[in-house]
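Data file: entry-v2.csv. Format and content: CSV, C-alpha atoms and all ligand atoms.
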chain,number,residue,atom,x,y,z
A,290,MET,CA,-2.1,-10.1,12.4
A,291,PRO,CA,-4.7,-9.8,9.6
A,292,ARG,CA,-3.8,-11.9,6.6
A,293,GLU,CA,-3.7,-8.8,4.4
A,294,LEU,CA,-2.7,-5.4,5.6
A,295,PRO,CA,-4.1,-2.1,4.2
A,296,CYS,CA,-1.9,-1.1,1.3
A,297,GLU,CA,-0.3,-4.6,1.1
A,298,THR,CA,-1.9,-5.5,-2.3
A,299,SER,CA,-0.8,-2.1,-3.7
A,300,VAL,CA,2.8,-2.6,-2.5
A,301,ARG,CA,3.0,-6.2,-3.7
A,302,GLU,CA,1.6,-5.3,-7.1
A,303,ALA,CA,4.0,-2.4,-7.4
A,304,MET,CA,6.9,-4.7,-6.5
A,305,THR,CA,6.0,-7.3,-9.1
A,306,ALA,CA,5.5,-4.6,-11.7
A,307,PHE,CA,8.9,-3.1,-10.9
A,308,PHE,CA,10.6,-6.4,-11.2
A,309,ASP,CA,8.7,-6.9,-14.5
A,310,GLN,CA,9.6,-10.4,-15.9
A,311,ASP,CA,12.1,-11.3,-13.2
A,312,THR,CA,10.1,-14.2,-11.7
A,313,HIS,CA,13.1,-15.4,-9.7
A,314,ARG,CA,13.3,-12.1,-7.8
A,315,ILE,CA,9.5,-11.9,-7.4
A,316,GLU,CA,9.3,-15.5,-6.0
A,317,HIS,CA,12.2,-14.9,-3.7
A,318,THR,CA,10.5,-11.7,-2.4
A,319,LEU,CA,7.2,-13.5,-1.8
A,320,GLN,CA,8.9,-16.3,0.0
A,321,VAL,CA,10.8,-13.9,2.3
A,322,THR,CA,7.5,-12.1,3.0
A,323,SER,CA,5.8,-15.3,3.8
A,324,TYR,CA,8.5,-16.2,6.4
A,325,ALA,CA,8.3,-12.6,7.8
A,326,LYS,CA,4.6,-13.0,8.4
A,327,GLU,CA,5.3,-16.3,10.1
A,328,LEU,CA,8.0,-14.9,12.4
A,329,LEU,CA,5.8,-11.9,13.2
A,330,GLU,CA,3.6,-14.3,15.2
A,331,SER,CA,6.5,-14.6,17.7
A,332,PHE,CA,6.9,-10.8,18.0
A,333,PRO,CA,3.6,-9.2,19.1
A,334,GLY,CA,5.3,-5.9,19.7
A,335,ALA,CA,6.6,-5.6,16.2
A,336,ASN,CA,4.9,-3.3,13.6
A,337,PRO,CA,3.4,-5.6,11.0
A,338,GLU,CA,3.2,-2.9,8.3
A,339,ILE,CA,6.9,-2.1,8.6
A,340,VAL,CA,7.9,-5.8,8.6
A,341,VAL,CA,5.6,-6.8,5.6
A,342,PHE,CA,6.4,-3.8,3.5
A,343,ALA,CA,10.1,-4.0,4.2
A,344,ALA,CA,10.0,-7.7,3.2
A,345,LEU,CA,8.2,-6.9,0.0
A,346,LEU,CA,10.6,-4.2,-0.9
A,347,HIS,CA,13.9,-5.4,0.6
A,348,ASP,CA,15.5,-6.3,-2.7
A,349,ILE,CA,13.9,-3.6,-4.8
A,350,GLY,CA,17.3,-1.9,-5.2
A,351,ILE,CA,18.7,-4.8,-7.2
A,352,LYS,CA,17.2,-3.7,-10.5
A,353,PRO,CA,18.4,-0.1,-10.4
A,354,ALA,CA,21.8,-1.2,-9.0
A,355,GLU,CA,22.3,-3.5,-12.0
A,356,GLU,CA,21.1,-0.8,-14.5
A,357,LYS,CA,23.1,2.1,-13.1
A,358,HIS,CA,26.2,0.4,-11.6
A,359,GLY,CA,26.3,-2.9,-13.6
A,360,THR,CA,26.3,-4.9,-10.3
A,361,SER,CA,23.8,-6.0,-7.6
A,362,ALA,CA,26.5,-5.8,-5.0
A,363,PRO,CA,25.0,-5.2,-1.5
A,364,ARG,CA,26.2,-1.6,-1.2
A,365,PHE,CA,24.6,-0.5,-4.5
A,366,GLN,CA,21.3,-2.4,-3.6
A,367,GLU,CA,21.3,-0.5,-0.3
A,368,MET,CA,22.0,2.8,-2.0
A,369,GLU,CA,19.4,2.4,-4.8
A,370,GLY,CA,16.6,0.6,-2.9
A,371,PRO,CA,15.3,3.3,-0.4
A,372,PRO,CA,14.2,5.9,-3.0
A,373,VAL,CA,12.3,3.3,-5.0
A,374,ALA,CA,10.8,1.9,-1.7
A,375,LYS,CA,9.7,5.4,-0.6
A,376,ALA,CA,8.1,6.1,-4.0
A,377,ILE,CA,6.1,2.8,-4.0
A,378,LEU,CA,5.0,3.3,-0.4
A,379,ALA,CA,4.0,7.0,-0.9
A,380,GLU,CA,2.0,5.9,-4.0
A,381,ALA,CA,0.3,3.2,-1.8
A,382,ALA,CA,-0.6,6.0,0.8
A,383,ALA,CA,1.5,4.4,3.6
A,384,GLY,CA,2.2,6.6,6.6
A,385,HIS,CA,5.3,8.7,6.9
A,386,ALA,CA,6.7,6.8,9.9
A,387,VAL,CA,6.2,3.5,8.2
A,388,ILE,CA,7.8,4.8,5.0
A,389,SER,CA,10.8,6.0,6.9
A,390,ALA,CA,11.3,2.8,8.9
A,391,VAL,CA,10.9,0.6,5.8
A,392,ALA,CA,13.4,2.7,3.8
A,393,ASP,CA,15.9,2.3,6.7
A,394,ILE,CA,15.6,-1.4,6.6
A,395,VAL,CA,15.8,-1.6,2.8
A,396,GLY,CA,18.9,0.6,2.9
A,397,HIS,CA,20.7,-1.7,5.4
A,398,HIS,CA,19.3,-5.2,4.7
A,399,HIS,CA,22.8,-6.6,4.1
A,400,THR,CA,24.3,-4.8,7.0
A,401,PRO,CA,23.1,-6.0,10.4
A,402,GLY,CA,23.6,-3.9,13.4
A,403,VAL,CA,23.0,-0.4,11.9
A,404,VAL,CA,19.2,-0.5,12.2
A,405,ASP,CA,18.7,-2.4,15.4
A,406,THR,CA,15.0,-2.8,15.5
A,407,VAL,CA,12.9,-5.9,15.9
A,408,GLU,CA,11.4,-5.2,12.5
A,409,PHE,CA,14.9,-5.2,10.9
A,410,ARG,CA,15.8,-8.5,12.7
A,411,ILE,CA,12.6,-10.2,11.4
A,412,VAL,CA,13.2,-9.2,7.8
A,413,TYR,CA,16.9,-10.0,8.0
A,414,ASP,CA,16.2,-13.5,9.4
A,415,SER,CA,13.4,-14.1,6.8
A,416,ASP,CA,15.8,-13.3,4.0
A,417,TRP,CA,18.3,-15.8,5.5
A,418,LEU,CA,15.7,-18.5,5.8
A,419,VAL,CA,15.5,-18.4,2.0
A,420,ASN,CA,19.1,-17.6,1.2
A,421,LEU,CA,20.9,-20.1,3.6
A,422,PRO,CA,21.1,-23.0,1.0
A,423,ASP,CA,22.4,-20.6,-1.6
A,424,VAL,CA,25.2,-19.1,0.5
A,425,TYR,CA,26.3,-22.3,2.3
A,426,ASP,CA,26.8,-25.8,0.9
A,427,LEU,CA,24.5,-27.4,3.4
A,428,ALA,CA,25.1,-30.9,2.2
A,429,SER,CA,28.8,-30.7,3.2
A,430,GLN,CA,28.1,-29.4,6.8
A,431,THR,CA,27.7,-31.7,9.8
A,432,SER,CA,24.8,-31.1,12.1
A,433,THR,CA,27.2,-29.4,14.6
A,434,GLU,CA,28.6,-27.1,11.9
A,435,LEU,CA,25.2,-26.2,10.6
A,436,THR,CA,23.9,-25.4,14.1
A,437,ARG,CA,26.9,-23.1,14.6
A,438,ILE,CA,26.3,-21.3,11.3
A,439,ILE,CA,22.6,-20.8,12.0
A,440,ASP,CA,23.3,-19.5,15.6
A,441,GLN,CA,25.8,-17.0,14.1
A,442,VAL,CA,23.9,-15.8,11.1
A,443,PHE,CA,20.4,-15.4,12.5
A,444,LEU,CA,19.5,-12.5,14.7
A,445,THR,CA,16.4,-13.8,16.5
A,446,ASN,CA,15.7,-17.1,18.4
A,447,PRO,CA,12.5,-17.7,16.4
A,448,GLY,CA,14.5,-17.3,13.2
A,449,ARG,CA,17.1,-19.8,14.5
A,450,THR,CA,14.5,-22.3,15.6
A,451,ARG,CA,12.8,-22.1,12.2
A,452,ALA,CA,16.1,-22.5,10.3
A,453,LYS,CA,17.0,-25.5,12.3
A,454,ALA,CA,13.6,-27.1,11.7
A,455,MET,CA,14.0,-26.5,8.0
A,456,TYR,CA,17.6,-27.4,7.4
A,457,LEU,CA,18.9,-29.6,10.2
A,458,PRO,CA,16.7,-32.7,9.7
A,459,SER,CA,18.5,-33.5,6.4
A,460,ARG,CA,21.8,-33.6,8.3
A,461,LYS,CA,20.7,-36.2,10.8
A,462,GLY,CA,23.3,-38.9,11.3
A,463,THR,CA,26.1,-36.9,9.6
A,464,SER,CA,27.6,-35.1,12.6
B,501,FE,FE,16.5,-11.1,-0.4
Written as structure tokens, how would this file's structure read?
Ligand SMILES: [Fe+2]
Amino acid sequence: MPRELPCETSVREAMTAFFDQDTHRIEHTLQVTSYAKELLESFPGANPEIVVFAALLHDIGIKPAEEKHGTSAPRFQEMEGPPVAKAILAEAAAGHAVISAVADIVGHHHTPGVVDTVEFRIVYDSDWLVNLPDVYDLASQTSTELTRIIDQVFLTNPGRTRAKAMYLPSRKGTS
């Protein structure tokens, strides 16, 4: 895929502007997007625009969820994210089908199985590549336990392979 998609700069800049000073959120989002682009190489049939824009906007509902509901709990992120994602993509002149598919992913990104598309699975796994050490205490897992966790959590084999390459080497000799 081209390194930079049409509209990608506009969407990325809108995301960083929306998150304002929240550098942690912005860095997380850019990291997830970088993994999504990497995983895309293993899925030539996936739509790169949907994957990259959904990665850039997957957490966009966190800010309005915190402002309106006082919590960034997954169900409020999923409720508040799609309208913001749609507005940003419409402003960036993305196509209707892309906007709709991205909004679906943003609205279910903590709920695997509802949107069962390859683009959803790539974004979901990219988020987990970043979040795994925050959710699980990796240092306390044996290699066998960590392998089991990765096999369960990730939805794609390229995602599992990448997670094992990233996180299993540090566990060598502890199983
Ligand atoms: Fe995320």
Fill in: Close residues, A:Glu355 itself excluded, 10 Å, all atoms listed in the file, min 6 positions apart in chain, as JSON, numbers by chain
{"A": [361, 362, 365, 366, 369]}
Restrict the selected residues to C-alpha atoms and save them as a CSV table (one decimal), in the frame of the given file.
chain,number,residue,atom,x,y,z
A,361,SER,CA,23.8,-6.0,-7.6
A,362,ALA,CA,26.5,-5.8,-5.0
A,365,PHE,CA,24.6,-0.5,-4.5
A,366,GLN,CA,21.3,-2.4,-3.6
A,369,GLU,CA,19.4,2.4,-4.8
Discussion item. Taking 6 positions as the minimum chain separation for residues in the same chain, which residues sit within 10 Å of A:Leu421 when counting all atoms listed in the file? Answer as a list of chain:residue names.
Written reply: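 The filter keeps A:Asp414, A:Leu427, A:Ile438, A:Ile439, A:Val442, A:Ala452, A:Tyr456.
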Worksheet item: Mind pulling up the distance from atom CA of A:Ala344 to atom CA of A:Ala386?
Response: 16.3 Å
Discussion item. Could you list the protein, DNA and RNA residues that have any atom within 10 Å of ligand FE 501 (chain B), counting only C-alpha atoms and all ligand atoms, and write them as a PyMOL selection string?
Written reply: chain A and resi 314-315+317-322+344-349+351+398-399+412-413+415-420
Practice prompt. In Å, rounded to a single decimal, give me how far atom CA of A:Glu367 is from atom CA of A:Gly402.
Written response: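 Going from atom CA of A:Gly402 over to atom CA of A:Glu367 covers 14.3 Å.
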Worksheet entry | For A:Leu378, the nearest of the candidates A:Ile339, A:Val300, A:Val403, A:Ile411, counting all atoms listed in the file |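 Closest candidate: A:Val300.
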Discussion item. Between A:Gly370, A:Arg437, A:Ser432, A:Tyr324, which residue has the minimum interatomic distance to A:Arg451, considering only C-alpha atoms?
Written reply: A:Tyr324
Worksheet entry | atom CA of A:Ala335 to atom CA of A:Ile388, distance in Å rounded to a single decimal | 15.3 Å
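Proximity of A:Pro422, A:Pro458, A:Pro372, A:Pro401 to A:Thr445, computed with all atoms listed in the file, is greatest for A:Pro401.
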Add whatever atoms are absent from stretch 412-427 of chain A to reach N, CA and C atoms, and provide the output as a PDB file, keeping the file's coordinate frame.
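part-v8.pdb was written with the following content:
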ATOM      1  N   VAL A 412      12.968  -9.154   9.263  1.00  0.00           N
ATOM      2  CA  VAL A 412      13.200  -9.200   7.800  1.00  0.00           C
ATOM      3  C   VAL A 412      14.524  -9.800   7.467  1.00  0.00           C
ATOM      4  N   TYR A 413      15.544  -9.464   8.234  1.00  0.00           N
ATOM      5  CA  TYR A 413      16.900 -10.000   8.000  1.00  0.00           C
ATOM      6  C   TYR A 413      16.853 -11.549   8.113  1.00  0.00           C
ATOM      7  N   ASP A 414      16.227 -12.051   9.175  1.00  0.00           N
ATOM      8  CA  ASP A 414      16.200 -13.500   9.400  1.00  0.00           C
ATOM      9  C   ASP A 414      15.304 -14.174   8.290  1.00  0.00           C
ATOM     10  N   SER A 415      14.238 -13.520   7.863  1.00  0.00           N
ATOM     11  CA  SER A 415      13.400 -14.100   6.800  1.00  0.00           C
ATOM     12  C   SER A 415      14.150 -14.234   5.512  1.00  0.00           C
ATOM     13  N   ASP A 416      14.982 -13.239   5.197  1.00  0.00           N
ATOM     14  CA  ASP A 416      15.800 -13.300   4.000  1.00  0.00           C
ATOM     15  C   ASP A 416      16.801 -14.484   4.112  1.00  0.00           C
ATOM     16  N   TRP A 417      17.387 -14.660   5.292  1.00  0.00           N
ATOM     17  CA  TRP A 417      18.300 -15.800   5.500  1.00  0.00           C
ATOM     18  C   TRP A 417      17.653 -17.127   5.448  1.00  0.00           C
ATOM     19  N   LEU A 418      16.384 -17.197   5.875  1.00  0.00           N
ATOM     20  CA  LEU A 418      15.700 -18.500   5.800  1.00  0.00           C
ATOM     21  C   LEU A 418      15.624 -18.968   4.346  1.00  0.00           C
ATOM     22  N   VAL A 419      15.498 -18.024   3.415  1.00  0.00           N
ATOM     23  CA  VAL A 419      15.500 -18.400   2.000  1.00  0.00           C
ATOM     24  C   VAL A 419      16.882 -18.550   1.445  1.00  0.00           C
ATOM     25  N   ASN A 420      17.808 -17.689   1.865  1.00  0.00           N
ATOM     26  CA  ASN A 420      19.100 -17.600   1.200  1.00  0.00           C
ATOM     27  C   ASN A 420      20.134 -18.668   1.770  1.00  0.00           C
ATOM     28  N   LEU A 421      19.881 -19.225   2.951  1.00  0.00           N
ATOM     29  CA  LEU A 421      20.900 -20.100   3.600  1.00  0.00           C
ATOM     30  C   LEU A 421      21.451 -21.170   2.637  1.00  0.00           C
ATOM     31  N   PRO A 422      20.586 -21.926   1.921  1.00  0.00           N
ATOM     32  CA  PRO A 422      21.100 -23.000   1.000  1.00  0.00           C
ATOM     33  C   PRO A 422      21.889 -22.430  -0.166  1.00  0.00           C
ATOM     34  N   ASP A 423      21.658 -21.154  -0.507  1.00  0.00           N
ATOM     35  CA  ASP A 423      22.400 -20.600  -1.600  1.00  0.00           C
ATOM     36  C   ASP A 423      23.767 -20.062  -1.211  1.00  0.00           C
ATOM     37  N   VAL A 424      23.902 -19.715   0.063  1.00  0.00           N
ATOM     38  CA  VAL A 424      25.200 -19.100   0.500  1.00  0.00           C
ATOM     39  C   VAL A 424      26.082 -20.234   1.095  1.00  0.00           C
ATOM     40  N   TYR A 425      25.506 -21.228   1.748  1.00  0.00           N
ATOM     41  CA  TYR A 425      26.300 -22.300   2.300  1.00  0.00           C
ATOM     42  C   TYR A 425      25.975 -23.628   1.634  1.00  0.00           C
ATOM     43  N   ASP A 426      26.978 -24.428   1.403  1.00  0.00           N
ATOM     44  CA  ASP A 426      26.800 -25.800   0.900  1.00  0.00           C
ATOM     45  C   ASP A 426      26.319 -26.670   2.014  1.00  0.00           C
ATOM     46  N   LEU A 427      25.000 -26.723   2.216  1.00  0.00           N
ATOM     47  CA  LEU A 427      24.500 -27.400   3.400  1.00  0.00           C
ATOM     48  C   LEU A 427      24.814 -28.872   3.437  1.00  0.00           C
TER      49      LEU A 427
END
